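Chemist: Just passing along the structure, written as structure tokens.
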Amino acid sequence: MNPFTYERASDAAAAIGLAKGSAAARYLGGGTNLVDLMRETVERPEMLVDVTGLPGRIEPRADGSLLIGAAATNTALAADAHVRTQYPLLSRAILAGASAQIRNMATVGGNILQRTRCRYFYDNAAACNKRQPGAGCDARDGFNRYHAILGASPACVATHPSDMCVALAALDATVHLDGPAGPRSIALADLHRLPGDRPDIETELQPGELITAVELPPLPFARRSTYRKVRDRASYAFALVSVAAALDLDKDGTVRDVRLALGGVAHKPWRASAAEAALKGRPAGPESFRAAAEAELAAATGLRDNAFKIELAKRTIVAVLGDLTGDEA
Amino acid sequence: MSAQSDAAASRPGRWQPAVTQDPMLHKHGALGQPVSRIEGPLKVQGKARFAAEFPYEGLCYAALAFSTIARGKITALDTVAAEAAPGVVLVMTHRNAPRMKAPSLMMSSPTAAGASDLPVMQTDEIHWNGQPIAVVLAETQEQADHAASLVKADYAPLPATTSFEEARKTPRQLDNLLGQPPVVEIGDAEAALKGAAVQVDQIYRTPRHNHNAIELHAATVAWTGDELRVHDASQLLDLTAGQLADIFGLDAEKVRVSSPYVGGGFGGKCLWDHQILAGAAAKLAGRPVRIMLSREGVFRIVGGRTLTEQRVALGASADGKLDALIHTGIVAMTTHNSCPEQFTFPARHLYAAKTIRLAQEVADMDMLANTFMRAPGESVGTFALECAIDELASTLGLDPIELRRRIEPEKDPTSGKPFSARHLIDAYDRGAERFGWNRRSATPRQQRDGEWLIGMGCATATYPYHRFPGGAARIRLTADGRVTVSTAVHDMGMGTATAQAQHIAARLGVPLDHVTFEYGDTTLPRGVIAGGSTQTASIGGAVIAATEVFVEELLKLAGNDSPLAGLSLAEVETRDGGIGHRDDTARFESYESILRRAARDELVCEAEAPPPAEMEAFSMHSYGAQFCEVRVSEITGEVRVSRFLGSFDAGRILNAKTATSQFKGGIIMGIGLALTEETNFDPRSGRIVNASLADYHVPVQMDVPAIEILYTDIPDPQAPMGARGIGEIGITGVGAAVANAVYNATGKRIRDLPITLDKLM
Ligand SMILES: Cc1cc2nc3c(=O)[nH]c(=O)nc-3n(C[C@H](O)[C@H](O)[C@H](O)COP(=O)(O)OP(=O)(O)OC[C@H]3O[C@@H](n4cnc5c(N)ncnc54)[C@H](O)[C@@H]3O)c2cc1C
Ligand code: SF4
């Protein structure tokens, strides 16, 4: 780990002001990802601005939306009564991630901005375009079980590892930012980038920009929602494939509306828009679920170790939608 | 070897291995009781000091920089930035390291403890990806870690063999397999296989595994003049001390190594580069040094289990007798170590077959020396063999337990020796009854719960009995009737100290709270290594010998005024805090009384264990039957072990609680072997890619179901206390039990570990 200075910010303005002072400043949430990467010297900030003292309230608002302070811990968000009843997929997604101890430390802001778990990214001895643009990508022909099947590029095949973000993507969450150029908002689905030829640029955040809050619009049918994570051990492992889904059915069993997002498959939380489009207005059932999954995964490509995830994603989508329909297992 | 002469050994009353039984074989006392760990309270209070917790005046902290190529030469090593970094005391590289002899390979001499015989930081040569190239000493660990990251090296790489597929094209024949012949042939097995009514002929693969004990490898090292003091995390004390003396050119008594508490060993806590480097750097700095490897560091410089590719071919008659048993294959190894992962060992002793062919060879690679890891050989060998037996049972339409009943041998199938004790079928019967084996459907895919297919499997567990010679024990009796027994052995958390205290209490006939068991320090009488599940029996042998001397000395001290006057070793026994005539309860004198009358404050006796003649005369092994129930998702292929039961035949159980924990721990590690553990060794670079606990998947709580343990508790008449080792057998057979259950659930045979979900989709 490189030497760094540590400052604790009392509010957003102070945090932004502190970070502006140093080109190599980073905001510090729970530190569960950033500090690990600093230990590996993959991240080498000169200054840490601790933002865990900033607002972390979880506030239902009159219009039915929910405002979540960026400093809320993963544990607090998963345990929140409103979240558990109105957005069960979000609570389940968070609880499917990491361990209780890590979730106690991790913040919503940090979770959104956690970096890929690609092992070659973590190992300074490996070639990695994300760590060192132009160096090459050891994962492409190496160990890539946890890597992307959708939206990858020749430069990078890494995945975004968050579970929480998959649920947020399904829920059309908005991320509120503040920064040297003032506050703004961006859809979570637009926050993370696909790797393209610049996998080192992972989000649309501008230098010094801070996540202050996440907002969930009202979505009454999200009460019927869930999250399923498929992984290599029963707990404490990143997703091979995960599915967040909410389903709104007409009385006759037609899909009125649906939200579907995938984790473990791409450089960003993957909103399954093609599948959603294929489902709307169709009768809920295994055939239409499978057709929708096929539509979403049509563009998927497998690497040496992860081609199985294409079929796994399809099956998991079908199973989750089946569960939400209630009469299909 | 024992210093005892044959004449002494044949004195009446003495234990003569293979001739007489341990006299306390049928005496119980505190033995077997579920006594909680003696050191437990210290550990939970944080008062048990581990290797990296010893304070020293002027202590500095070490961090390592590792090579990033597999083979070649260092052409430039830039340590300027590291040396200039805050808090740095010095940077040691091959350029300024003290000259040291290379370690010698373990078992090549009485003081050899090397996991590899490569010189440590003496030249510019690189032999594996991850080899230490620099040691940084600094005032704090953080400063050392930071400075180590600033060391930059350039290399001239040489062609390296880092692909197993390449290496196997030029296999090397072993001249011996841990002292056993690498090839065993009885009859013409290939011909018998061809002619057999029923055949199973399959290839099984097991991947590399790495050691991941919770306690990271660590040592605190201090020189006083030419005396070297090492606080180690070790399962190999005396050998480590001897080897370090050799490396640093010291007399053996100049090196003291202690290791009272170890946070898990499993074969990994032996002598690796870090203790040697810490000793060298401490010498260079003239200051005490603490080294604690990072988790990545453990992956880089502490070897693990190597990969295997095994063929098992079974030829059987229609009534389930084996005409041919073939178990052959290859493992990856290096030319500078001696751990061939002896996977053909189980097949040497388990089943009766008309013809047998066993052979294994190695593929040499440029990699870190592989090493022992819980049941080296047997853990992965039983995976292949016991899966094949299950496949044969299916082909024959026989219940797999019934098949094992039909191939149960009367004597050791390859050595021809009698078994000292063997109750494998008994273990199967008890296990099957308790597990509800009769509820298993012989046809796969018959039981389901929603998307989850449910299946049951079983497999044989086996591990050899060994008693290492050369261990000694000292008994000290004080006037208050308390005894202290001392020997330089190890307790890595398995309960050695507790079980031995129980053993000593029973053997000397004193209450448990009158016993102190001293261990973990090379200043004590020479101990044996904690490896190969041998410690308990080996300590037992030494304590028996010391007890004989002790009783004889006490009889001498008792003299003519004692009720014991004139009695010999053969006529007496220890009981009730003293010595008594075997048959005449009136003739008894307490230890305190004997010492008092002789006006002695204490009596100290020491003796070395007699040679392990029982191992020569008998085929001695522990056995077990592992039962597993799995649930496999038909959608995702995820496997969950839902029930597990291990039924063991390991001789007398000395402590029900610590033994059960050992068995369970082995089974949990076996679940990892079956389902999740795999070291990702990148064949392009020879580098381990998943060098962290986030990426190297050991089982977590949710992967481990309730595990039930049964044991026969039938004493082995040839073993001290009747007890065979129990530390490693727990992991054996688990891989196969899980794989066989997966087959029963899904109808799919997975012959390639770990059984990940993609293989079942
Ligand atoms: C062993 C292990 C297993 C894990 N398993 C899972 C899993 O299964 N699923 C899963 O989803 N996650 C998993 N995680 C990751 C975990 O969820 C993240 O580490 C955590 O959410 C990060 O939150 P944090 O507050 O600790 O972030 P930090 O580590 O503090 O920060 C992460 C990044 O976010 C930036 N940042 C933090 N807050 C802000 C802010 N307000 N504005 C702008 N930038 C900010 C930091 O500068 C840094 O770049 C695992 C982690 C570990 C160590
Ligand atoms: S996949 Fe991306 S993160 Fe991984 S090595 Fe390639 S470029 Fe780096």
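Please note that chains go A, B, ... in the order of the structure tokens, that every chain numbers its residues from 1, and that ligands are numbered from 1 in the order shown.
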Neighbouring residues of ligand 2 are defined here as those with any atom at most 12 Å from a ligand atom, counting only C-alpha atoms and all ligand atoms; list them as a compact mmCIF listing (two decimals) with N, CA and C atoms, in the first residue's frame.

Modeler:
# COMPACT_ATOMS: atom_id res chain seq x y z
N VAL A 42 -2.97 -1.66 -6.74
CA VAL A 42 -3.69 -1.41 -7.99
C VAL A 42 -4.28 0.00 -7.93
N ARG A 115 -15.02 -2.15 -8.08
CA ARG A 115 -14.38 -2.47 -9.36
C ARG A 115 -14.42 -3.97 -9.63
N THR A 116 -14.08 -4.32 -10.83
CA THR A 116 -14.21 -5.72 -11.25
C THR A 116 -13.36 -6.65 -10.39
N ARG A 117 -13.75 -7.91 -10.33
CA ARG A 117 -12.96 -8.90 -9.58
C ARG A 117 -12.03 -9.67 -10.50
N CYS A 118 -11.89 -9.28 -11.74
CA CYS A 118 -10.97 -9.98 -12.64
C CYS A 118 -9.62 -10.11 -11.96
N ARG A 119 -9.14 -11.33 -11.81
CA ARG A 119 -7.90 -11.55 -11.05
C ARG A 119 -6.70 -10.93 -11.74
N TYR A 120 -6.73 -10.82 -13.03
CA TYR A 120 -5.58 -10.23 -13.73
C TYR A 120 -5.54 -8.72 -13.48
N PHE A 121 -6.70 -8.15 -13.21
CA PHE A 121 -6.75 -6.74 -12.83
C PHE A 121 -6.08 -6.54 -11.47
N TYR A 122 -6.25 -7.52 -10.59
CA TYR A 122 -5.68 -7.42 -9.24
C TYR A 122 -4.19 -7.69 -9.20
N ASP A 123 -3.65 -8.37 -10.22
CA ASP A 123 -2.25 -8.82 -10.16
C ASP A 123 -1.39 -7.93 -11.05
N ASN A 124 -0.56 -7.12 -10.42
CA ASN A 124 0.28 -6.21 -11.19
C ASN A 124 1.21 -6.92 -12.16
N ALA A 125 1.41 -8.22 -11.98
CA ALA A 125 2.30 -8.95 -12.88
C ALA A 125 1.59 -9.32 -14.18
N ALA A 126 0.29 -9.15 -14.23
CA ALA A 126 -0.47 -9.56 -15.41
C ALA A 126 -0.69 -8.38 -16.35
N ALA A 127 -0.99 -8.68 -17.60
CA ALA A 127 -1.34 -7.64 -18.56
C ALA A 127 -2.81 -7.33 -18.42
N CYS A 128 -3.13 -6.05 -18.28
CA CYS A 128 -4.52 -5.65 -18.07
C CYS A 128 -4.73 -4.25 -18.61
N ASN A 129 -5.59 -4.16 -19.60
CA ASN A 129 -5.89 -2.86 -20.21
C ASN A 129 -6.62 -1.92 -19.27
N LYS A 130 -7.32 -2.50 -18.33
CA LYS A 130 -8.07 -1.66 -17.39
C LYS A 130 -7.10 -0.99 -16.42
N ARG A 131 -6.10 -1.73 -15.99
CA ARG A 131 -5.12 -1.19 -15.06
C ARG A 131 -4.12 -0.31 -15.80
N GLN A 132 -3.75 -0.77 -16.98
CA GLN A 132 -2.69 -0.08 -17.73
C GLN A 132 -3.10 -0.09 -19.20
N PRO A 133 -3.77 0.99 -19.66
CA PRO A 133 -4.30 0.99 -21.03
C PRO A 133 -3.21 0.62 -22.04
N GLY A 134 -3.58 -0.29 -22.94
CA GLY A 134 -2.65 -0.69 -23.98
C GLY A 134 -1.78 -1.89 -23.62
N ALA A 135 -1.87 -2.35 -22.37
CA ALA A 135 -0.98 -3.44 -21.94
C ALA A 135 -1.43 -4.80 -22.46
N GLY A 136 -2.69 -4.91 -22.84
CA GLY A 136 -3.22 -6.22 -23.25
C GLY A 136 -4.18 -6.74 -22.20
N CYS A 137 -4.77 -7.90 -22.49
CA CYS A 137 -5.77 -8.46 -21.58
C CYS A 137 -5.47 -9.94 -21.36
N ASP A 138 -4.92 -10.27 -20.20
CA ASP A 138 -4.59 -11.67 -19.92
C ASP A 138 -5.83 -12.54 -19.71
N ALA A 139 -6.95 -11.90 -19.44
CA ALA A 139 -8.15 -12.70 -19.15
C ALA A 139 -8.77 -13.29 -20.41
N ARG A 140 -8.61 -12.60 -21.52
CA ARG A 140 -9.27 -13.06 -22.76
C ARG A 140 -9.01 -14.53 -23.04
N ASP A 141 -7.75 -14.94 -22.92
CA ASP A 141 -7.43 -16.35 -23.18
C ASP A 141 -6.98 -17.04 -21.91
N GLY A 142 -7.31 -16.46 -20.78
CA GLY A 142 -6.90 -17.04 -19.51
C GLY A 142 -8.08 -17.54 -18.72
N PHE A 143 -8.01 -17.40 -17.40
CA PHE A 143 -9.11 -17.84 -16.55
C PHE A 143 -10.20 -16.79 -16.63
N ASN A 144 -11.30 -17.14 -17.26
CA ASN A 144 -12.34 -16.13 -17.48
C ASN A 144 -13.75 -16.67 -17.19
N ARG A 145 -13.82 -17.53 -16.21
CA ARG A 145 -15.11 -18.07 -15.78
C ARG A 145 -16.06 -16.97 -15.32
N TYR A 146 -15.52 -15.97 -14.66
CA TYR A 146 -16.37 -14.91 -14.10
C TYR A 146 -16.53 -13.74 -15.06
N HIS A 147 -16.16 -13.94 -16.30
CA HIS A 147 -16.10 -12.81 -17.21
C HIS A 147 -17.34 -12.69 -18.08
N ALA A 148 -17.31 -11.66 -18.92
CA ALA A 148 -18.52 -11.22 -19.60
C ALA A 148 -18.91 -12.10 -20.78
N ILE A 149 -20.21 -12.21 -20.98
CA ILE A 149 -20.73 -12.87 -22.18
C ILE A 149 -21.50 -11.86 -23.04
N ALA A 152 -18.88 -7.27 -24.16
CA ALA A 152 -17.44 -7.19 -23.94
C ALA A 152 -16.75 -6.65 -25.19
N SER A 153 -15.49 -6.34 -25.05
CA SER A 153 -14.73 -5.82 -26.19
C SER A 153 -13.43 -6.60 -26.29
N PRO A 154 -12.74 -6.48 -27.40
CA PRO A 154 -11.43 -7.14 -27.47
C PRO A 154 -10.50 -6.64 -26.36
N ALA A 155 -10.70 -5.42 -25.92
CA ALA A 155 -9.79 -4.85 -24.92
C ALA A 155 -10.04 -5.39 -23.53
N CYS A 156 -11.29 -5.75 -23.23
CA CYS A 156 -11.61 -6.13 -21.84
C CYS A 156 -12.88 -6.97 -21.80
N VAL A 157 -12.83 -8.03 -21.03
CA VAL A 157 -13.98 -8.93 -20.90
C VAL A 157 -14.44 -9.03 -19.44
N ALA A 158 -14.10 -8.02 -18.66
CA ALA A 158 -14.42 -8.06 -17.23
C ALA A 158 -15.91 -7.84 -16.98
N THR A 159 -16.35 -8.23 -15.79
CA THR A 159 -17.74 -7.98 -15.39
C THR A 159 -17.78 -7.01 -14.22
N HIS A 160 -18.92 -6.35 -14.06
CA HIS A 160 -19.16 -5.57 -12.85
C HIS A 160 -19.70 -6.55 -11.82
N PRO A 161 -19.12 -6.56 -10.62
CA PRO A 161 -19.44 -7.65 -9.70
C PRO A 161 -20.63 -7.40 -8.77
N LEU A 194 -19.75 0.33 -21.02
CA LEU A 194 -19.19 -0.89 -21.58
C LEU A 194 -17.71 -0.63 -21.84
N PRO A 195 -16.89 -1.67 -21.92
CA PRO A 195 -15.45 -1.43 -21.93
C PRO A 195 -14.94 -0.75 -23.20
N GLY A 196 -15.49 -1.13 -24.34
CA GLY A 196 -15.00 -0.55 -25.59
C GLY A 196 -13.48 -0.63 -25.65
N ASP A 197 -12.86 0.44 -26.15
CA ASP A 197 -11.40 0.41 -26.18
C ASP A 197 -10.80 1.18 -25.01
N ARG A 198 -11.65 1.60 -24.06
CA ARG A 198 -11.14 2.28 -22.87
C ARG A 198 -11.70 1.64 -21.59
N PRO A 199 -11.33 0.41 -21.34
CA PRO A 199 -11.88 -0.25 -20.14
C PRO A 199 -11.44 0.42 -18.85
N ASP A 200 -10.44 1.30 -18.93
CA ASP A 200 -10.01 2.00 -17.72
C ASP A 200 -11.01 3.06 -17.32
N ILE A 201 -11.85 3.50 -18.26
CA ILE A 201 -12.89 4.48 -17.90
C ILE A 201 -14.17 3.70 -17.67
N GLU A 202 -14.55 3.55 -16.41
CA GLU A 202 -15.61 2.60 -16.10
C GLU A 202 -16.98 3.21 -15.96
N ALA A 266 -21.75 -8.92 -17.70
CA ALA A 266 -21.25 -7.79 -18.49
C ALA A 266 -20.47 -6.81 -17.64
N HIS A 267 -19.88 -5.86 -18.31
CA HIS A 267 -19.07 -4.83 -17.68
C HIS A 267 -19.92 -3.87 -16.86
N LEU A 303 -16.38 -17.26 -23.78
CA LEU A 303 -14.93 -17.33 -23.81
C LEU A 303 -14.52 -18.75 -23.42
N VAL B 689 -3.27 -17.69 -10.35
CA VAL B 689 -4.09 -16.52 -10.65
C VAL B 689 -5.04 -16.20 -9.49

Chemist: Tell me the residues of chain B close to chain A, meaning within 10 Å using only C-alpha atoms, as a VMD selection string.

Modeler: chain B and resid 66 to 69 86 142 to 150 296 450 to 451 634 to 640 672 675 to 677 680 to 685 687 to 692 694 to 704 755 to 759 761

Chemist: For Leu228 of chain B, find every residue with an atom within 10 Å (counting only C-alpha atoms), except residues of its own chain fewer than 2 positions away, and show them as a list in words.

Modeler: Val221, Ala222, Trp223, Thr224, Gly225, Asp226, Val230, Ala241, Leu244, Ala245, Phe248, Leu250, Glu253, Lys254, Val255, Arg256, Val257, Gly279, Ala282 and Lys283 of chain B

Chemist: Quick one: distance from atom CA of Asp390 of chain B to atom CA of Pro464 of chain B in Å, one decimal?

Modeler: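 Between atom CA of Asp390 of chain B and atom CA of Pro464 of chain B the gap works out to 22.3 Å.
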
Chemist: Between B:Ala359, B:Leu90, B:Ala609, B:Val630, single out the one closest to Ala739 of chain B, counting only C-alpha atoms.

Modeler: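 Once distances to Ala739 of chain B are computed over only C-alpha atoms, the minimum belongs to B:Val630.
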
Chemist: Please list as a list in words every residue within 9 Å of Ser225 of chain A, counting only C-alpha atoms and excluding residues in the same chain fewer than 5 positions away.

Modeler: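 Residues meeting the cut-off are Tyr87, Pro88, Leu89, Leu90, Ala244, Ala245, Ala246, Leu247, Arg259 and Leu324 of chain A.
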
Chemist: Excluding Ala278 of chain A and its own-chain neighbours fewer than 5 positions away, which residues fall within 12 Å of it when counting only C-alpha atoms? Please give them as a list of chain:residue names.

Modeler: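 Result of the neighbour search: A:Val255, A:Arg256, A:Asp257, A:Val258, A:Arg259, A:Leu260, A:Ala272, A:Ser273, A:Pro283, A:Ala284, A:Glu287, A:Ser288, A:Phe289, A:Arg290, A:Ala291, A:Ala292, A:Ala293, A:Glu294, A:Ala295, A:Glu296.
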
Chemist: Could you list, as a CSV table (one decimal) with N, CA, C and O atoms, in the first residue's frame, every residue within 7 Å of Arg228 of chain A, counting only C-alpha atoms and ignoring same-chain residues fewer than 6 positions away?

Modeler:
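Okay, this is what ended up in around09.csv:
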chain,number,residue,atom,x,y,z
A,242,SER,N,-26.7,-13.7,-12.3
A,242,SER,CA,-27.7,-13.4,-11.4
A,242,SER,C,-28.9,-12.8,-12.2
A,242,SER,O,-28.6,-12.2,-13.3
A,243,VAL,N,-30.1,-12.9,-11.7
A,243,VAL,CA,-31.2,-12.3,-12.3
A,243,VAL,C,-32.1,-11.6,-11.3
A,243,VAL,O,-32.4,-12.1,-10.2
A,244,ALA,N,-32.3,-10.3,-11.6
A,244,ALA,CA,-33.3,-9.5,-10.8
A,244,ALA,C,-34.5,-9.3,-11.7
A,244,ALA,O,-34.4,-9.0,-12.8
A,320,VAL,N,-36.6,-17.8,-12.7
A,320,VAL,CA,-37.1,-16.7,-11.9
A,320,VAL,C,-38.4,-16.1,-12.3
A,320,VAL,O,-39.3,-15.9,-11.4

Chemist: Hey, what's within 12 Å of Arg724 of chain B if we count only C-alpha atoms and toss same-chain stuff fewer than 4 positions away? As a ChimeraX atom specification, please?

Modeler: /B:420-422,462-467,532-541,615,620-623,648-654,659,713-720,728-729

Chemist: Find the distance between atom CA of Arg374 of chain B and atom CA of Pro132 of chain B and write it in Å to one decimal.

Modeler: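 About the pair atom CA of Arg374 of chain B and atom CA of Pro132 of chain B: they are 25.6 Å apart.
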
Chemist: Enumerate, as a ChimeraX atom specification, the complete set of residues in segment 86-163 of chain A that a backbone-based DSSP assignment places in alpha helix (DSSP H).

Modeler: /A:86,88-95,100-105,108-113,119-122

Chemist: Residues as selected, N, CA and C atoms, written as a CSV table (one decimal), in the first residue's frame, can you do that?

Modeler:
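As written to disk, part31.csv reads:
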chain,number,residue,atom,x,y,z
A,86,GLN,N,-41.5,-3.1,-0.4
A,86,GLN,CA,-41.8,-2.5,-1.7
A,86,GLN,C,-40.8,-3.0,-2.8
A,88,PRO,N,-38.5,-6.0,-2.7
A,88,PRO,CA,-37.9,-7.2,-2.2
A,88,PRO,C,-36.7,-7.6,-3.0
A,89,LEU,N,-36.7,-7.4,-4.3
A,89,LEU,CA,-35.5,-7.8,-5.1
A,89,LEU,C,-34.3,-7.1,-4.7
A,90,LEU,N,-34.4,-5.9,-4.2
A,90,LEU,CA,-33.2,-5.1,-3.8
A,90,LEU,C,-32.6,-5.7,-2.5
A,91,SER,N,-33.5,-5.9,-1.6
A,91,SER,CA,-33.1,-6.5,-0.3
A,91,SER,C,-32.4,-7.9,-0.6
A,92,ARG,N,-33.0,-8.7,-1.4
A,92,ARG,CA,-32.5,-10.0,-1.7
A,92,ARG,C,-31.1,-9.9,-2.4
A,93,ALA,N,-31.0,-9.0,-3.3
A,93,ALA,CA,-29.8,-8.8,-4.1
A,93,ALA,C,-28.6,-8.5,-3.1
A,94,ILE,N,-28.9,-7.6,-2.2
A,94,ILE,CA,-27.8,-7.1,-1.3
A,94,ILE,C,-27.4,-8.3,-0.4
A,95,LEU,N,-28.5,-9.0,0.1
A,95,LEU,CA,-28.1,-10.1,1.0
A,95,LEU,C,-27.5,-11.3,0.3
A,100,ALA,N,-21.9,-10.9,5.9
A,100,ALA,CA,-22.5,-10.0,6.8
A,100,ALA,C,-21.5,-8.9,7.2
A,101,GLN,N,-20.3,-9.3,7.5
A,101,GLN,CA,-19.3,-8.3,8.0
A,101,GLN,C,-19.0,-7.3,6.9
A,102,ILE,N,-18.9,-7.7,5.7
A,102,ILE,CA,-18.6,-6.8,4.6
A,102,ILE,C,-19.8,-5.9,4.4
A,103,ARG,N,-21.0,-6.4,4.4
A,103,ARG,CA,-22.2,-5.6,4.2
A,103,ARG,C,-22.3,-4.6,5.3
A,104,ASN,N,-21.9,-4.9,6.5
A,104,ASN,CA,-22.0,-3.9,7.5
A,104,ASN,C,-21.1,-2.7,7.3
A,105,MET,N,-20.0,-2.9,6.6
A,105,MET,CA,-19.1,-1.8,6.3
A,105,MET,C,-19.4,-1.1,5.0
A,108,VAL,N,-23.7,2.2,0.0
A,108,VAL,CA,-24.4,2.2,-1.3
A,108,VAL,C,-23.5,2.8,-2.4
A,109,GLY,N,-22.9,4.0,-2.0
A,109,GLY,CA,-22.0,4.6,-3.0
A,109,GLY,C,-20.8,3.7,-3.4
A,110,GLY,N,-20.2,3.1,-2.4
A,110,GLY,CA,-19.1,2.3,-2.7
A,110,GLY,C,-19.5,1.0,-3.5
A,111,ASN,N,-20.6,0.5,-3.1
A,111,ASN,CA,-21.1,-0.7,-3.8
A,111,ASN,C,-21.2,-0.4,-5.3
A,112,ILE,N,-21.8,0.7,-5.6
A,112,ILE,CA,-22.0,1.0,-7.0
A,112,ILE,C,-20.7,1.2,-7.8
A,113,LEU,N,-19.7,1.7,-7.1
A,113,LEU,CA,-18.4,2.0,-7.8
A,113,LEU,C,-17.4,0.9,-7.5
A,119,ARG,N,-9.1,-11.3,-11.8
A,119,ARG,CA,-7.9,-11.5,-11.1
A,119,ARG,C,-6.7,-10.9,-11.7
A,120,TYR,N,-6.7,-10.8,-13.0
A,120,TYR,CA,-5.6,-10.2,-13.7
A,120,TYR,C,-5.5,-8.7,-13.5
A,121,PHE,N,-6.7,-8.1,-13.2
A,121,PHE,CA,-6.7,-6.7,-12.8
A,121,PHE,C,-6.1,-6.5,-11.5
A,122,TYR,N,-6.3,-7.5,-10.6
A,122,TYR,CA,-5.7,-7.4,-9.2
A,122,TYR,C,-4.2,-7.7,-9.2
